[in-house]
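> Sending over a structure as structure tokens; questions will come in a sec.
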Amino acid sequence: MALDCDSVNGTSLSDIRHYYQWTTPIASFSNHLRHHLLVPLCVAGVLSNILIVAVLLRPSMRSNAFNHFLILIAFCDATVMAQSLIFESVSQCNPLFYTRGWIVFTKIFGISTVLIHSTSLWLTVNMAILRYSLLSRGSSPPSSLCSPISSLLPPPNTTPAALLAMATAIVVAILGSLLNSIRYEIVDEGEFSPIHDECMGQYRWKEGDQVRNYGIRQPSFWNCTYERTNFWIVAVVLKLLPCLLLTIFMTLLVLTLMEARRRRQRLAAVSSNSNAERTTVLLTVIVAVFMITEVPQGLCALLQGVYPQLRYAVTSLNPLFNMLSLINSATNFVLCVLMSAVFRKECILMFSTCFPLSFSSQTRSDPPTMLNLSSKNGFVPVPTDT
């Protein structure tokens, strides 16, 4: 929420300085980290997410409903990281920085990253809900209250259910980003100013060169009512609510898998390294990664709304939050490789097709059954037997 919309007295101003000074070391460290890691992280993230899409689009992987989520999530993550890479690659001394095209890209970048990242979060939430619905349906009879509703919806492990959930995620993200998309406008008053002194000698800049003053500001109709409304919509719909729902449903999913494992052990009287056990561990990792990278942003958004004095302190932490989000997006490929033997097999097959000479000796030495593994479980083995 813009601080200009809130009354600030001497005490509040003192609190603002105190909170800002407290976060300054963290902000300085995160800026240093961002300067060194953002470009390699974005490059690795874009390539790994493209690889995820390529593997999941293979014929044996397309039939699984949950893979549709993962394809769209990987596309969202790759898009955000590619935009971040472009935005970071143009320095303040680059002549492109002072063109109208760049200011248009900056505006689009600010709007689209919020929308696309929010879409990715809501896709993850709906995927977790569908997974939990599938497991809970196999482990317990449906309640009489939910039966009429569930009868109107497609089964959770089908493509129609996945498409419905993905469409819902996109609609929620668009509605949550609607006000934010009209929050800024491009300003061009035809004025010029001298190039910065630190740019002299770079990109053939010389003393006396001038650049056109393009800028971005809030439109004339934008007032404190719009600002407060936009803040709470973004904070609740795009940050707090998905954080809360994903934490709840991932926890429920892990508990359901653990209970299913205990029942199997009681029936078989033997402990086995089942798919359910491996999935439980991996889902716990997913929850941990998500909570580390996303929940702090949701909590800070809530604190900033309740205590406007924290606005500048929270804003100074934005580079850290952006880095955490990028790390979350870049780790998906690692989780995919760890999570599914089918994904690993398809990844190897794809590379063996692209580079047959490199993989020919390994393929000849592999047992024939290795190349004929069933992919009926799709991306993540989801055991429903109890």
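Chain identifiers are assigned as A, B, and so on, following the order in which chains appear in the structure tokens; residues are numbered from 1 within each chain, and ligands are numbered from 1 in order of appearance.
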Kindly provide the residues of stretch 74-129 of chain A that approach stretch 191-195 of chain A to within 12 Å, each paired with its closest atom pair and their distance in Å to one decimal, based on only C-alpha atoms, listed by chain and increasing number, as a Markdown table.


| residue | atom | partner | partner_atom | distance |
| --- | --- | --- | --- | --- |
| A:Gln92 | CA | A:Ile195 | CA | 9.9 |
| A:Cys93 | CA | A:Ile195 | CA | 8.3 |
| A:Asn94 | CA | A:Ile195 | CA | 10.7 |
| A:Pro95 | CA | A:Ile195 | CA | 10.0 |
| A:Phe97 | CA | A:Ile195 | CA | 11.4 |
| A:Tyr98 | CA | A:Ile195 | CA | 9.8 |

> Leaving out stretch 21-34 of chain A and any residue of its chain fewer than 6 positions from it, which residues lie within 6 Å of it when counting only C-alpha atoms, given as a PyMOL selection string?

chain A and resi 313+316-317+320

> For the residues selected in the previous step, produce a file with C-alpha atoms as a short mmCIF file (atom, residue, chain, number, x, y, z; two decimals), in the first residue's frame.


data_model
loop_
_atom_site.label_atom_id
_atom_site.label_comp_id
_atom_site.auth_asym_id
_atom_site.auth_seq_id
_atom_site.Cartn_x
_atom_site.Cartn_y
_atom_site.Cartn_z
CA ALA A 313 11.47 -2.10 4.77
CA SER A 316 13.88 -3.15 0.19
CA LEU A 317 13.55 -6.94 0.46
CA LEU A 320 15.53 -11.20 -2.05
#

> Would you list the contacts of A:Val172 as an mmCIF file with C-alpha atoms, in the first residue's frame, taking every protein, DNA or RNA residue within 12 Å and counting only C-alpha atoms, but skipping same-chain residues closer than 5 positions in sequence?


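Saved file result29.cif follows:
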data_model
loop_
_atom_site.group_PDB
_atom_site.id
_atom_site.type_symbol
_atom_site.label_atom_id
_atom_site.label_comp_id
_atom_site.auth_asym_id
_atom_site.auth_seq_id
_atom_site.Cartn_x
_atom_site.Cartn_y
_atom_site.Cartn_z
ATOM 1 C CA LEU A 115 0.316 -12.380 -13.599
ATOM 2 C CA ILE A 116 2.436 -15.313 -14.794
ATOM 3 C CA SER A 118 0.546 -15.939 -9.778
ATOM 4 C CA THR A 119 -0.749 -18.323 -12.436
ATOM 5 C CA SER A 120 2.086 -20.716 -11.614
ATOM 6 C CA LEU A 121 1.223 -20.563 -7.894
ATOM 7 C CA TRP A 122 -2.474 -21.224 -8.462
ATOM 8 C CA LEU A 123 -1.677 -24.059 -10.874
ATOM 9 C CA VAL A 125 -2.463 -25.169 -5.636
ATOM 10 C CA ASN A 126 -5.037 -26.785 -7.922
ATOM 11 C CA ALA A 165 -8.477 -26.726 -12.709
ATOM 12 C CA MET A 166 -5.949 -25.028 -14.993
ATOM 13 C CA ALA A 167 -8.602 -22.712 -16.427
ATOM 14 C CA SER A 177 -3.895 -8.950 -11.435
ATOM 15 C CA LEU A 178 -6.567 -6.839 -13.123
ATOM 16 C CA ILE A 233 -6.322 -8.042 -3.775
ATOM 17 C CA VAL A 234 -2.698 -8.804 -4.678
ATOM 18 C CA VAL A 236 -4.696 -11.915 -0.392
ATOM 19 C CA VAL A 237 -5.574 -13.457 -3.781
ATOM 20 C CA LEU A 238 -2.088 -13.729 -5.283
ATOM 21 C CA LYS A 239 0.050 -14.296 -2.184
ATOM 22 C CA LEU A 241 -4.421 -17.481 -0.169
ATOM 23 C CA PRO A 242 -2.299 -19.672 -2.484
#

> Report as a list of chain:residue names all protein, DNA and RNA residues lying within 8 Å of A:Leu299, evaluated on only C-alpha atoms, omitting residues in the same chain fewer than 4 positions from it.

A:Leu240, A:Val295, A:Leu303

> Would you please work out which residue, of A:Gly215, A:Gly190, A:Pro160, A:Pro296, is nearest to A:His68 when using only C-alpha atoms?

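Of A:Gly215, A:Gly190, A:Pro160, A:Pro296, the one nearest A:His68, counting only C-alpha atoms, is A:Pro160.
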
> Once DSSP has gone over the backbone, tell me which residues of stretch 196-296 of chain A are in helix (DSSP H, G or I), as a PyMOL selection string.

chain A and resi 197-199+224-268+275-293+295-296

> Store the residues of this selection in a file with C-alpha atoms, as a PDB file, in the first residue's frame.


ATOM      1  CA  ASP A 197      28.493  10.736 -15.782  1.00  0.00           C
ATOM      2  CA  GLU A 198      29.209   7.079 -14.995  1.00  0.00           C
ATOM      3  CA  CYS A 199      28.216   6.171 -18.558  1.00  0.00           C
ATOM      4  CA  CYS A 224      -5.837   5.914  -2.578  1.00  0.00           C
ATOM      5  CA  THR A 225      -8.990   3.818  -2.947  1.00  0.00           C
ATOM      6  CA  TYR A 226      -7.535   2.094  -6.011  1.00  0.00           C
ATOM      7  CA  GLU A 227      -4.181   1.728  -4.257  1.00  0.00           C
ATOM      8  CA  ARG A 228      -5.605   0.110  -1.139  1.00  0.00           C
ATOM      9  CA  THR A 229      -7.936  -2.146  -3.122  1.00  0.00           C
ATOM     10  CA  ASN A 230      -5.140  -3.283  -5.437  1.00  0.00           C
ATOM     11  CA  PHE A 231      -2.812  -3.921  -2.512  1.00  0.00           C
ATOM     12  CA  TRP A 232      -5.240  -6.165  -0.645  1.00  0.00           C
ATOM     13  CA  ILE A 233      -6.322  -8.042  -3.775  1.00  0.00           C
ATOM     14  CA  VAL A 234      -2.698  -8.804  -4.678  1.00  0.00           C
ATOM     15  CA  ALA A 235      -1.750  -9.587  -1.075  1.00  0.00           C
ATOM     16  CA  VAL A 236      -4.696 -11.915  -0.392  1.00  0.00           C
ATOM     17  CA  VAL A 237      -5.574 -13.457  -3.781  1.00  0.00           C
ATOM     18  CA  LEU A 238      -2.088 -13.729  -5.283  1.00  0.00           C
ATOM     19  CA  LYS A 239       0.050 -14.296  -2.184  1.00  0.00           C
ATOM     20  CA  LEU A 240      -1.622 -15.235   1.115  1.00  0.00           C
ATOM     21  CA  LEU A 241      -4.421 -17.481  -0.169  1.00  0.00           C
ATOM     22  CA  PRO A 242      -2.299 -19.672  -2.484  1.00  0.00           C
ATOM     23  CA  CYS A 243       0.356 -19.974   0.233  1.00  0.00           C
ATOM     24  CA  LEU A 244      -2.249 -21.078   2.767  1.00  0.00           C
ATOM     25  CA  LEU A 245      -4.063 -23.493   0.451  1.00  0.00           C
ATOM     26  CA  LEU A 246      -0.937 -25.149  -0.898  1.00  0.00           C
ATOM     27  CA  THR A 247       0.468 -25.635   2.590  1.00  0.00           C
ATOM     28  CA  ILE A 248      -2.819 -27.162   3.792  1.00  0.00           C
ATOM     29  CA  PHE A 249      -3.364 -29.512   0.859  1.00  0.00           C
ATOM     30  CA  MET A 250       0.255 -30.590   0.572  1.00  0.00           C
ATOM     31  CA  THR A 251       0.206 -31.409   4.293  1.00  0.00           C
ATOM     32  CA  LEU A 252      -3.042 -33.348   3.894  1.00  0.00           C
ATOM     33  CA  LEU A 253      -1.576 -35.166   0.905  1.00  0.00           C
ATOM     34  CA  VAL A 254       1.527 -36.181   2.823  1.00  0.00           C
ATOM     35  CA  LEU A 255      -0.576 -37.375   5.775  1.00  0.00           C
ATOM     36  CA  THR A 256      -2.795 -39.395   3.427  1.00  0.00           C
ATOM     37  CA  LEU A 257       0.210 -41.058   1.812  1.00  0.00           C
ATOM     38  CA  MET A 258       1.732 -41.857   5.200  1.00  0.00           C
ATOM     39  CA  GLU A 259      -1.527 -43.404   6.400  1.00  0.00           C
ATOM     40  CA  ALA A 260      -1.768 -45.483   3.222  1.00  0.00           C
ATOM     41  CA  ARG A 261       1.789 -46.704   3.793  1.00  0.00           C
ATOM     42  CA  ARG A 262       1.003 -47.698   7.391  1.00  0.00           C
ATOM     43  CA  ARG A 263      -2.047 -49.675   6.262  1.00  0.00           C
ATOM     44  CA  ARG A 264      -0.021 -51.507   3.634  1.00  0.00           C
ATOM     45  CA  GLN A 265       2.627 -52.372   6.197  1.00  0.00           C
ATOM     46  CA  ARG A 266       0.007 -53.726   8.600  1.00  0.00           C
ATOM     47  CA  LEU A 267      -1.559 -55.841   5.872  1.00  0.00           C
ATOM     48  CA  ALA A 268       1.720 -57.127   4.464  1.00  0.00           C
ATOM     49  CA  ASN A 275       6.182 -45.563  -4.479  1.00  0.00           C
ATOM     50  CA  ALA A 276       4.023 -44.026  -1.742  1.00  0.00           C
ATOM     51  CA  GLU A 277       6.998 -43.765   0.599  1.00  0.00           C
ATOM     52  CA  ARG A 278       9.202 -42.126  -2.019  1.00  0.00           C
ATOM     53  CA  THR A 279       6.418 -39.765  -3.040  1.00  0.00           C
ATOM     54  CA  THR A 280       5.833 -38.822   0.601  1.00  0.00           C
ATOM     55  CA  VAL A 281       9.465 -37.792   1.010  1.00  0.00           C
ATOM     56  CA  LEU A 282       9.469 -35.842  -2.240  1.00  0.00           C
ATOM     57  CA  LEU A 283       6.223 -34.049  -1.452  1.00  0.00           C
ATOM     58  CA  THR A 284       7.721 -33.026   1.873  1.00  0.00           C
ATOM     59  CA  VAL A 285      10.619 -31.504  -0.074  1.00  0.00           C
ATOM     60  CA  ILE A 286       8.153 -29.668  -2.319  1.00  0.00           C
ATOM     61  CA  VAL A 287       6.375 -28.234   0.717  1.00  0.00           C
ATOM     62  CA  ALA A 288       9.698 -27.159   2.238  1.00  0.00           C
ATOM     63  CA  VAL A 289      10.894 -25.467  -0.971  1.00  0.00           C
ATOM     64  CA  PHE A 290       7.575 -23.726  -1.419  1.00  0.00           C
ATOM     65  CA  MET A 291       7.409 -22.509   2.177  1.00  0.00           C
ATOM     66  CA  ILE A 292      10.977 -21.179   2.065  1.00  0.00           C
ATOM     67  CA  THR A 293      10.482 -19.295  -1.209  1.00  0.00           C
ATOM     68  CA  VAL A 295       5.422 -18.007   2.343  1.00  0.00           C
ATOM     69  CA  PRO A 296       7.764 -15.186   3.502  1.00  0.00           C
TER      70      PRO A 296
END

> When you count only C-alpha atoms, which of these residues is closest to A:Ser48: A:His18, A:Glu189, A:Pro156, A:Ala82?

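Of A:His18, A:Glu189, A:Pro156, A:Ala82, the one nearest A:Ser48 is A:Ala82, counting only C-alpha atoms.
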
> In Å, with one decimal, what is the gap from atom CA of A:Ile186 to atom CA of A:Arg217?

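Interatomic distance here is 6.6 Å.
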
> With only C-alpha atoms as the atoms that count, which of A:Thr79, A:Ser84, A:Ser14, A:Gln210 lies nearest to A:Met323?

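Using only C-alpha atoms, A:Met323 sits closest to A:Ser84.
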
> Separation of atom CA of A:Val104 and atom CA of A:Pro219, in Å?

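Interatomic distance, atom CA of A:Val104 to atom CA of A:Pro219: 15.2 Å.
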